[in-house]
Amino acid sequence: MKPVFSALNRSPVVSLLGPRQCGKTTLARMIEKKHGAVFFDLESPRDRLRLQNPQMALEILKGLVIIDEVQGMPELFEILRVLVDRSDNPATFLLLGSASPHILKNVSETLAGRTELIEMSGFDFMEIGEDNLHDLWLRGGFPRSFLPRLLEDSISWREGFVRTFLERDIPQLGINISAIAMRRFWTMLAHCHGQTLNASQLGRSLGVTDKTIRSYLDILTGTYMVRQVLPWHENIGKRQVKAPKIYFRDSGILHHLLAITDMESLMTNPRLGASWEGFAVEQIIRVLPLQDVYFWSTYSGAELDLFFFHDSKRYGIAIKFSETPKISKSMHIAIQDLVLEHLWVVYSGNHIVPLEKKITLVPLDKIETVQGVV
């Protein structure tokens, strides 16, 4: 809640974006009570009627105004621009919406320089506690997947979420794609989680073009289902990977599409290491948090899972699902070729262990300690 309050103090419009069911409305209702805000839910027929003449309805309001599911009335963006440009503007607007190319285009073009974007996802381990880390990994961070007492209820909710997303949410965004085709693609992409994108291979498997594969991927990325981590290129005279790396942003949805139902099936699944890597990547980006992150990989086998800058210095993170990871040749190559200030190895153990001057083991649930260094 704190980042939202800070943004509201800085900007006339704050856009809180993220997937459905991640807790945006719950957070907004808490803010409404705290601030005595005016609340519009554009999925409510009554509230849509209240905004039948939107400029007349909004221009008389003062204080905080919250508009949920704002993508349902795209004409509001132009009206909001006019309202917040008033010299005596008495209102601040908090907009909630499911991320999509459509809403992002309206926000970035119509409200450029007037709004602050905040991404919201489900729970992270800082919110649920270290003891629940494995449950968070298995079930994912969506509240209605993580919180049920029975695992069967979590699985049932995730199936309902996938079906609703494909059959209702995507069409509501104005995207005309068969739910069956998109589910096939989504499931195939689950088997590519943690790998670099090979659009040609996926296209051949689905019988579609590379362009179609990329358009499908852009939809899942724009709706916060998938994260594309871009490659970093260094002028080192080595062939480097140039395709993005694909991760599911929610491990629970990944496991559902891979038919992984419990910790036993997860621990014996061939995608175990990739699942842990993607889960760790998402947690690291959210907890630190990092603005611009990359991965680095060469065709000779050297690689680094996350590469980022801080205060003009270079840092790297390698991710290993092991309680006793060893220093590898790849780590030394990454430190040398990328001129890293430090490299952390995020692992599934319990203790922070310095291995060398520039290499430290750190458990995922203690990754926030890195903030003290960078």
# chains A, B, ... in the order shown; residues from 1 in each chain; ligands from 1
>>> select_by_dssp(residues="range 315-362 of chain A", states="strand (DSSP E)", output="number ranges by chain")
A: 315-319, 342-347, 353-356, 359-362
>>> write_last_selection(atoms="C-alpha atoms", output="PDB file, in the first residue's frame")
ATOM      1  CA  TYR A 315      26.088  -7.190 -10.697  1.00  0.00           C
ATOM      2  CA  GLY A 316      24.936 -10.706 -11.453  1.00  0.00           C
ATOM      3  CA  ILE A 317      22.723 -13.408  -9.965  1.00  0.00           C
ATOM      4  CA  ALA A 318      22.915 -17.132 -10.683  1.00  0.00           C
ATOM      5  CA  ILE A 319      20.026 -19.356  -9.542  1.00  0.00           C
ATOM      6  CA  HIS A 342      29.731  -9.099  -7.327  1.00  0.00           C
ATOM      7  CA  LEU A 343      27.823 -12.273  -8.143  1.00  0.00           C
ATOM      8  CA  TRP A 344      25.233 -13.844  -5.849  1.00  0.00           C
ATOM      9  CA  VAL A 345      24.224 -17.480  -6.143  1.00  0.00           C
ATOM     10  CA  VAL A 346      20.591 -17.783  -5.035  1.00  0.00           C
ATOM     11  CA  TYR A 347      20.041 -21.332  -3.812  1.00  0.00           C
ATOM     12  CA  VAL A 353      27.923 -18.161   2.681  1.00  0.00           C
ATOM     13  CA  PRO A 354      30.782 -16.143   1.122  1.00  0.00           C
ATOM     14  CA  LEU A 355      32.521 -18.473  -1.332  1.00  0.00           C
ATOM     15  CA  GLU A 356      35.053 -16.109  -2.850  1.00  0.00           C
ATOM     16  CA  ILE A 359      30.810 -14.735  -5.067  1.00  0.00           C
ATOM     17  CA  THR A 360      28.293 -15.222  -2.245  1.00  0.00           C
ATOM     18  CA  LEU A 361      25.667 -17.905  -1.646  1.00  0.00           C
ATOM     19  CA  VAL A 362      22.353 -16.425  -0.505  1.00  0.00           C
TER      20      VAL A 362
END
>>> residues_around(residues="Leu151 in chain A", least_positions_apart="5", cutoff="10 Å", atoms="only C-alpha atoms", output="PyMOL selection string")
chain A and resi 135+138-139+145-146+156-157+261-262
>>> residues_around(residues="Arg184 in chain A", least_positions_apart="6", cutoff="12 Å", atoms="only C-alpha atoms", output="list of chain:residue names")
A:Val162, A:Leu166, A:Ile177, A:Ser178, A:Ala190, A:His191, A:Leu202, A:Gly203, A:Ser205, A:Leu206, A:Gly207, A:Ile213, A:Tyr216, A:Leu257, A:Leu258
>>> write_last_selection(atoms="C-alpha atoms", output="PDB file, in the first residue's frame")
ATOM      1  CA  VAL A 162      -7.278 -20.271 -16.717  1.00  0.00           C
ATOM      2  CA  LEU A 166      -9.059 -17.555 -22.028  1.00  0.00           C
ATOM      3  CA  ILE A 177      -8.243 -15.646 -30.650  1.00  0.00           C
ATOM      4  CA  SER A 178      -9.707 -19.101 -30.125  1.00  0.00           C
ATOM      5  CA  ALA A 190       4.881 -23.962 -20.005  1.00  0.00           C
ATOM      6  CA  HIS A 191       7.268 -26.640 -21.264  1.00  0.00           C
ATOM      7  CA  LEU A 202       6.757 -23.463 -31.461  1.00  0.00           C
ATOM      8  CA  GLY A 203       5.200 -22.368 -34.743  1.00  0.00           C
ATOM      9  CA  SER A 205       4.384 -27.559 -33.412  1.00  0.00           C
ATOM     10  CA  LEU A 206       1.208 -25.471 -33.559  1.00  0.00           C
ATOM     11  CA  GLY A 207       1.050 -25.129 -37.334  1.00  0.00           C
ATOM     12  CA  ILE A 213       3.657 -17.078 -32.051  1.00  0.00           C
ATOM     13  CA  TYR A 216       0.356 -14.819 -28.792  1.00  0.00           C
ATOM     14  CA  LEU A 257      -0.555 -26.227 -16.986  1.00  0.00           C
ATOM     15  CA  LEU A 258       2.214 -28.790 -16.396  1.00  0.00           C
TER      16      LEU A 258
END
>>> residues_around(residues="range 62-76 of chain A", least_positions_apart="4", cutoff="9 Å", atoms="only C-alpha atoms", output="PDB file with N, CA and C atoms, in the first residue's frame")
ATOM      1  N   LEU A   8       0.528   8.623  -5.114  1.00  0.00           N
ATOM      2  CA  LEU A   8      -0.611   9.543  -5.085  1.00  0.00           C
ATOM      3  C   LEU A   8      -0.203  10.930  -4.599  1.00  0.00           C
ATOM      4  N   LYS A  24      -5.924  -6.181  -6.571  1.00  0.00           N
ATOM      5  CA  LYS A  24      -5.976  -4.735  -6.824  1.00  0.00           C
ATOM      6  C   LYS A  24      -7.216  -4.102  -6.186  1.00  0.00           C
ATOM      7  N   THR A  25      -8.379  -4.725  -6.384  1.00  0.00           N
ATOM      8  CA  THR A  25      -9.621  -4.154  -5.864  1.00  0.00           C
ATOM      9  C   THR A  25      -9.631  -4.169  -4.339  1.00  0.00           C
ATOM     10  N   ALA A  28      -7.576  -1.342  -3.260  1.00  0.00           N
ATOM     11  CA  ALA A  28      -8.266  -0.076  -3.540  1.00  0.00           C
ATOM     12  C   ALA A  28      -9.379   0.187  -2.531  1.00  0.00           C
ATOM     13  N   GLU A  32      -9.825   3.326  -0.196  1.00  0.00           N
ATOM     14  CA  GLU A  32     -11.093   4.077  -0.181  1.00  0.00           C
ATOM     15  C   GLU A  32     -11.530   4.388   1.245  1.00  0.00           C
ATOM     16  N   HIS A  35      -9.081   6.999   2.938  1.00  0.00           N
ATOM     17  CA  HIS A  35      -9.101   8.358   2.392  1.00  0.00           C
ATOM     18  C   HIS A  35     -10.513   8.904   2.186  1.00  0.00           C
ATOM     19  N   GLY A  36     -11.547   8.076   2.377  1.00  0.00           N
ATOM     20  CA  GLY A  36     -12.899   8.540   2.079  1.00  0.00           C
ATOM     21  C   GLY A  36     -13.068   8.845   0.607  1.00  0.00           C
ATOM     22  N   ALA A  37     -12.500   7.986  -0.247  1.00  0.00           N
ATOM     23  CA  ALA A  37     -12.484   8.235  -1.691  1.00  0.00           C
ATOM     24  C   ALA A  37     -13.834   7.939  -2.336  1.00  0.00           C
ATOM     25  N   VAL A  38     -14.022   8.510  -3.520  1.00  0.00           N
ATOM     26  CA  VAL A  38     -15.166   8.164  -4.372  1.00  0.00           C
ATOM     27  C   VAL A  38     -14.741   6.973  -5.239  1.00  0.00           C
ATOM     28  N   PHE A  39     -15.566   5.928  -5.272  1.00  0.00           N
ATOM     29  CA  PHE A  39     -15.177   4.672  -5.938  1.00  0.00           C
ATOM     30  C   PHE A  39     -16.147   4.366  -7.077  1.00  0.00           C
ATOM     31  N   PHE A  40     -15.578   4.083  -8.252  1.00  0.00           N
ATOM     32  CA  PHE A  40     -16.370   3.630  -9.400  1.00  0.00           C
ATOM     33  C   PHE A  40     -15.843   2.255  -9.824  1.00  0.00           C
ATOM     34  N   ASP A  41     -16.736   1.285  -9.930  1.00  0.00           N
ATOM     35  CA  ASP A  41     -16.387  -0.046 -10.454  1.00  0.00           C
ATOM     36  C   ASP A  41     -17.072  -0.182 -11.811  1.00  0.00           C
ATOM     37  N   LEU A  42     -16.288  -0.172 -12.889  1.00  0.00           N
ATOM     38  CA  LEU A  42     -16.875  -0.146 -14.222  1.00  0.00           C
ATOM     39  C   LEU A  42     -17.426  -1.492 -14.666  1.00  0.00           C
ATOM     40  N   GLU A  43     -17.336  -2.512 -13.812  1.00  0.00           N
ATOM     41  CA  GLU A  43     -18.059  -3.760 -14.078  1.00  0.00           C
ATOM     42  C   GLU A  43     -19.440  -3.737 -13.440  1.00  0.00           C
ATOM     43  N   ARG A  48     -21.474   2.358 -14.006  1.00  0.00           N
ATOM     44  CA  ARG A  48     -21.397   2.794 -15.410  1.00  0.00           C
ATOM     45  C   ARG A  48     -22.475   3.837 -15.702  1.00  0.00           C
ATOM     46  N   PRO A  54     -19.444  11.253 -18.379  1.00  0.00           N
ATOM     47  CA  PRO A  54     -18.263  11.150 -17.509  1.00  0.00           C
ATOM     48  C   PRO A  54     -17.626  12.482 -17.133  1.00  0.00           C
ATOM     49  N   GLN A  55     -17.532  13.428 -18.063  1.00  0.00           N
ATOM     50  CA  GLN A  55     -16.870  14.687 -17.706  1.00  0.00           C
ATOM     51  C   GLN A  55     -17.680  15.452 -16.669  1.00  0.00           C
ATOM     52  N   LEU A  58     -17.248  13.654 -13.242  1.00  0.00           N
ATOM     53  CA  LEU A  58     -15.916  13.659 -12.621  1.00  0.00           C
ATOM     54  C   LEU A  58     -15.407  15.058 -12.282  1.00  0.00           C
ATOM     55  N   LEU A  80      -9.828  12.445 -18.533  1.00  0.00           N
ATOM     56  CA  LEU A  80      -8.949  12.605 -17.376  1.00  0.00           C
ATOM     57  C   LEU A  80      -7.803  13.564 -17.681  1.00  0.00           C
ATOM     58  N   ARG A  81      -7.293  13.506 -18.903  1.00  0.00           N
ATOM     59  CA  ARG A  81      -6.215  14.429 -19.281  1.00  0.00           C
ATOM     60  C   ARG A  81      -6.685  15.873 -19.153  1.00  0.00           C
ATOM     61  N   ASN A  89      -7.030  21.978 -10.342  1.00  0.00           N
ATOM     62  CA  ASN A  89      -7.533  20.607 -10.254  1.00  0.00           C
ATOM     63  C   ASN A  89      -7.627  20.147  -8.793  1.00  0.00           C
ATOM     64  N   PRO A  90      -8.830  19.803  -8.319  1.00  0.00           N
ATOM     65  CA  PRO A  90      -8.994  19.438  -6.909  1.00  0.00           C
ATOM     66  C   PRO A  90      -8.961  17.923  -6.657  1.00  0.00           C
ATOM     67  N   ALA A  91      -8.767  17.115  -7.697  1.00  0.00           N
ATOM     68  CA  ALA A  91      -8.895  15.661  -7.550  1.00  0.00           C
ATOM     69  C   ALA A  91      -7.612  14.940  -7.952  1.00  0.00           C
ATOM     70  N   THR A  92      -7.432  13.774  -7.323  1.00  0.00           N
ATOM     71  CA  THR A  92      -6.379  12.834  -7.694  1.00  0.00           C
ATOM     72  C   THR A  92      -7.060  11.528  -8.078  1.00  0.00           C
ATOM     73  N   PHE A  93      -6.572  10.890  -9.144  1.00  0.00           N
ATOM     74  CA  PHE A  93      -7.247   9.707  -9.658  1.00  0.00           C
ATOM     75  C   PHE A  93      -6.366   8.465  -9.512  1.00  0.00           C
ATOM     76  N   LEU A  94      -6.954   7.407  -8.993  1.00  0.00           N
ATOM     77  CA  LEU A  94      -6.312   6.095  -8.935  1.00  0.00           C
ATOM     78  C   LEU A  94      -7.062   5.180  -9.895  1.00  0.00           C
ATOM     79  N   LEU A  95      -6.376   4.742 -10.952  1.00  0.00           N
ATOM     80  CA  LEU A  95      -6.982   3.887 -11.972  1.00  0.00           C
ATOM     81  C   LEU A  95      -6.515   2.454 -11.796  1.00  0.00           C
ATOM     82  N   LEU A  96      -7.452   1.517 -11.806  1.00  0.00           N
ATOM     83  CA  LEU A  96      -7.130   0.101 -11.699  1.00  0.00           C
ATOM     84  C   LEU A  96      -7.518  -0.584 -12.998  1.00  0.00           C
ATOM     85  N   GLY A  97      -6.636  -1.446 -13.494  1.00  0.00           N
ATOM     86  CA  GLY A  97      -6.985  -2.136 -14.721  1.00  0.00           C
ATOM     87  C   GLY A  97      -6.146  -3.370 -14.960  1.00  0.00           C
ATOM     88  N   SER A  98      -6.712  -4.289 -15.716  1.00  0.00           N
ATOM     89  CA  SER A  98      -5.953  -5.441 -16.170  1.00  0.00           C
ATOM     90  C   SER A  98      -5.020  -4.973 -17.270  1.00  0.00           C
ATOM     91  N   ALA A  99      -3.758  -5.324 -17.151  1.00  0.00           N
ATOM     92  CA  ALA A  99      -2.770  -4.859 -18.133  1.00  0.00           C
ATOM     93  C   ALA A  99      -3.111  -5.396 -19.506  1.00  0.00           C
ATOM     94  N   SER A 100      -2.990  -4.556 -20.489  1.00  0.00           N
ATOM     95  CA  SER A 100      -3.229  -4.975 -21.869  1.00  0.00           C
ATOM     96  C   SER A 100      -2.560  -3.971 -22.790  1.00  0.00           C
ATOM     97  N   HIS A 102      -3.900  -2.386 -25.050  1.00  0.00           N
ATOM     98  CA  HIS A 102      -4.857  -1.302 -25.256  1.00  0.00           C
ATOM     99  C   HIS A 102      -4.767  -0.260 -24.139  1.00  0.00           C
ATOM    100  N   ILE A 103      -4.843  -0.720 -22.882  1.00  0.00           N
ATOM    101  CA  ILE A 103      -4.825   0.224 -21.766  1.00  0.00           C
ATOM    102  C   ILE A 103      -3.465   0.884 -21.630  1.00  0.00           C
ATOM    103  N   ASN A 106      -3.221   3.689 -24.136  1.00  0.00           N
ATOM    104  CA  ASN A 106      -3.995   4.860 -23.724  1.00  0.00           C
ATOM    105  C   ASN A 106      -3.308   5.618 -22.594  1.00  0.00           C
ATOM    106  N   GLN A 172     -12.560  -9.737 -23.901  1.00  0.00           N
ATOM    107  CA  GLN A 172     -12.930  -8.416 -23.404  1.00  0.00           C
ATOM    108  C   GLN A 172     -11.872  -7.365 -23.714  1.00  0.00           C
ATOM    109  N   LEU A 173     -10.633  -7.813 -23.940  1.00  0.00           N
ATOM    110  CA  LEU A 173      -9.566  -6.890 -24.315  1.00  0.00           C
ATOM    111  C   LEU A 173      -9.578  -6.593 -25.811  1.00  0.00           C
TER     112      LEU A 173
END
>>> closest_residue(among="A:Leu117, A:Ile219, A:Val82, A:Ile285", to="Asn176 in chain A", atoms="only C-alpha atoms")
A:Ile219
>>> residues_around(residues="Pro19 in chain A", least_positions_apart="5", cutoff="8 Å", atoms="only C-alpha atoms", output="NGL selection string")
:A and (98-99 or 120-121 or 223-225)
>>> write_last_selection(atoms="N, CA and C atoms", output="PDB file, in the first residue's frame")
ATOM      1  N   SER A  98      -6.712  -4.289 -15.716  1.00  0.00           N
ATOM      2  CA  SER A  98      -5.953  -5.441 -16.170  1.00  0.00           C
ATOM      3  C   SER A  98      -5.020  -4.973 -17.270  1.00  0.00           C
ATOM      4  N   ALA A  99      -3.758  -5.324 -17.151  1.00  0.00           N
ATOM      5  CA  ALA A  99      -2.770  -4.859 -18.133  1.00  0.00           C
ATOM      6  C   ALA A  99      -3.111  -5.396 -19.506  1.00  0.00           C
ATOM      7  N   MET A 120       1.239  -4.566 -10.029  1.00  0.00           N
ATOM      8  CA  MET A 120       0.859  -5.334  -8.845  1.00  0.00           C
ATOM      9  C   MET A 120       0.681  -6.790  -9.238  1.00  0.00           C
ATOM     10  N   SER A 121       1.240  -7.664  -8.427  1.00  0.00           N
ATOM     11  CA  SER A 121       1.058  -9.101  -8.633  1.00  0.00           C
ATOM     12  C   SER A 121       0.468  -9.685  -7.350  1.00  0.00           C
ATOM     13  N   THR A 223      -0.608  -9.125 -20.447  1.00  0.00           N
ATOM     14  CA  THR A 223      -1.583  -9.407 -19.397  1.00  0.00           C
ATOM     15  C   THR A 223      -0.924  -9.963 -18.136  1.00  0.00           C
ATOM     16  N   TYR A 224       0.373  -9.804 -18.038  1.00  0.00           N
ATOM     17  CA  TYR A 224       1.145 -10.192 -16.852  1.00  0.00           C
ATOM     18  C   TYR A 224       1.133 -11.689 -16.570  1.00  0.00           C
ATOM     19  N   MET A 225       0.890 -12.499 -17.556  1.00  0.00           N
ATOM     20  CA  MET A 225       0.983 -13.939 -17.380  1.00  0.00           C
ATOM     21  C   MET A 225       2.411 -14.435 -17.597  1.00  0.00           C
TER      22      MET A 225
END
>>> closest_residue(among="A:Glu109, A:Asp305, A:Asp47, A:Glu127", to="Pro244 in chain A", atoms="only C-alpha atoms")
A:Asp305
>>> atom_distance(atom1="CA of Glu264 in chain A", atom2="CA of Leu306 in chain A")
28.4 Å
>>> atom_distance(atom1="CA of Lys320 in chain A", atom2="CA of Lys366 in chain A")
14.6 Å
>>> residues_around(residues="Leu304 in chain A", least_positions_apart="3", cutoff="8 Å", atoms="only C-alpha atoms", output="MDAnalysis selection string")
chainID A and resid 295:297 307 316:318 330:331 334
>>> write_last_selection(atoms="N, CA and C atoms", output="PDB file, in the first residue's frame")
ATOM      1  N   PHE A 295      19.377 -11.243 -18.924  1.00  0.00           N
ATOM      2  CA  PHE A 295      20.160 -12.454 -18.725  1.00  0.00           C
ATOM      3  C   PHE A 295      21.287 -12.408 -19.740  1.00  0.00           C
ATOM      4  N   TRP A 296      22.283 -13.231 -19.530  1.00  0.00           N
ATOM      5  CA  TRP A 296      23.438 -13.266 -20.438  1.00  0.00           C
ATOM      6  C   TRP A 296      23.808 -14.708 -20.698  1.00  0.00           C
ATOM      7  N   SER A 297      24.045 -15.025 -21.963  1.00  0.00           N
ATOM      8  CA  SER A 297      24.385 -16.404 -22.319  1.00  0.00           C
ATOM      9  C   SER A 297      25.192 -16.414 -23.609  1.00  0.00           C
ATOM     10  N   PHE A 307      21.324 -10.120 -14.805  1.00  0.00           N
ATOM     11  CA  PHE A 307      22.411  -9.149 -14.888  1.00  0.00           C
ATOM     12  C   PHE A 307      21.787  -7.773 -14.776  1.00  0.00           C
ATOM     13  N   GLY A 316      25.565  -9.533 -10.855  1.00  0.00           N
ATOM     14  CA  GLY A 316      24.936 -10.706 -11.453  1.00  0.00           C
ATOM     15  C   GLY A 316      24.347 -11.630 -10.403  1.00  0.00           C
ATOM     16  N   ILE A 317      23.354 -12.400 -10.827  1.00  0.00           N
ATOM     17  CA  ILE A 317      22.723 -13.408  -9.965  1.00  0.00           C
ATOM     18  C   ILE A 317      22.612 -14.714 -10.746  1.00  0.00           C
ATOM     19  N   ALA A 318      23.114 -15.786 -10.151  1.00  0.00           N
ATOM     20  CA  ALA A 318      22.915 -17.132 -10.683  1.00  0.00           C
ATOM     21  C   ALA A 318      21.937 -17.856  -9.762  1.00  0.00           C
ATOM     22  N   SER A 330      31.458 -21.254 -15.434  1.00  0.00           N
ATOM     23  CA  SER A 330      30.573 -20.242 -16.011  1.00  0.00           C
ATOM     24  C   SER A 330      30.514 -18.987 -15.148  1.00  0.00           C
ATOM     25  N   MET A 331      30.537 -19.143 -13.837  1.00  0.00           N
ATOM     26  CA  MET A 331      30.490 -17.992 -12.934  1.00  0.00           C
ATOM     27  C   MET A 331      31.735 -17.136 -13.096  1.00  0.00           C
ATOM     28  N   ALA A 334      31.563 -15.243 -16.350  1.00  0.00           N
ATOM     29  CA  ALA A 334      30.624 -14.114 -16.269  1.00  0.00           C
ATOM     30  C   ALA A 334      31.249 -12.941 -15.521  1.00  0.00           C
TER      31      ALA A 334
END
>>> closest_residue(among="A:Leu150, A:Val229, A:Val14, A:Leu217", to="Leu111 in chain A", atoms="only C-alpha atoms")
A:Val14
>>> select_by_dssp(residues="range 55-163 of chain A", states="alpha helix (DSSP H)", output="JSON, numbers by chain")
{"A": [55, 56, 57, 58, 76, 77, 78, 79, 80, 81, 82, 83, 84, 101, 102, 103, 104, 105, 106, 107, 108, 109, 110, 125, 126, 127, 128, 133, 134, 135, 136, 137, 138, 139, 143, 144, 145, 146, 151, 152, 153, 154, 155, 156, 157, 158, 159, 160, 161, 162, 163]}
>>> closest_residue(among="A:Phe161, A:Ile246, A:Pro143, A:Gly113", to="Ala199 in chain A", atoms="only C-alpha atoms")
A:Ile246
>>> closest_residue(among="A:Lys313, A:Arg144, A:Arg271, A:Arg10", to="Glu116 in chain A", atoms="only C-alpha atoms")
A:Arg10
>>> closest_residue(among="A:Leu27, A:Leu147, A:Leu364, A:Ala57", to="Glu282 in chain A", atoms="only C-alpha atoms")
A:Leu364
>>> atom_distance(atom1="CA of Gly18 in chain A", atom2="CA of Arg163 in chain A")
18.0 Å
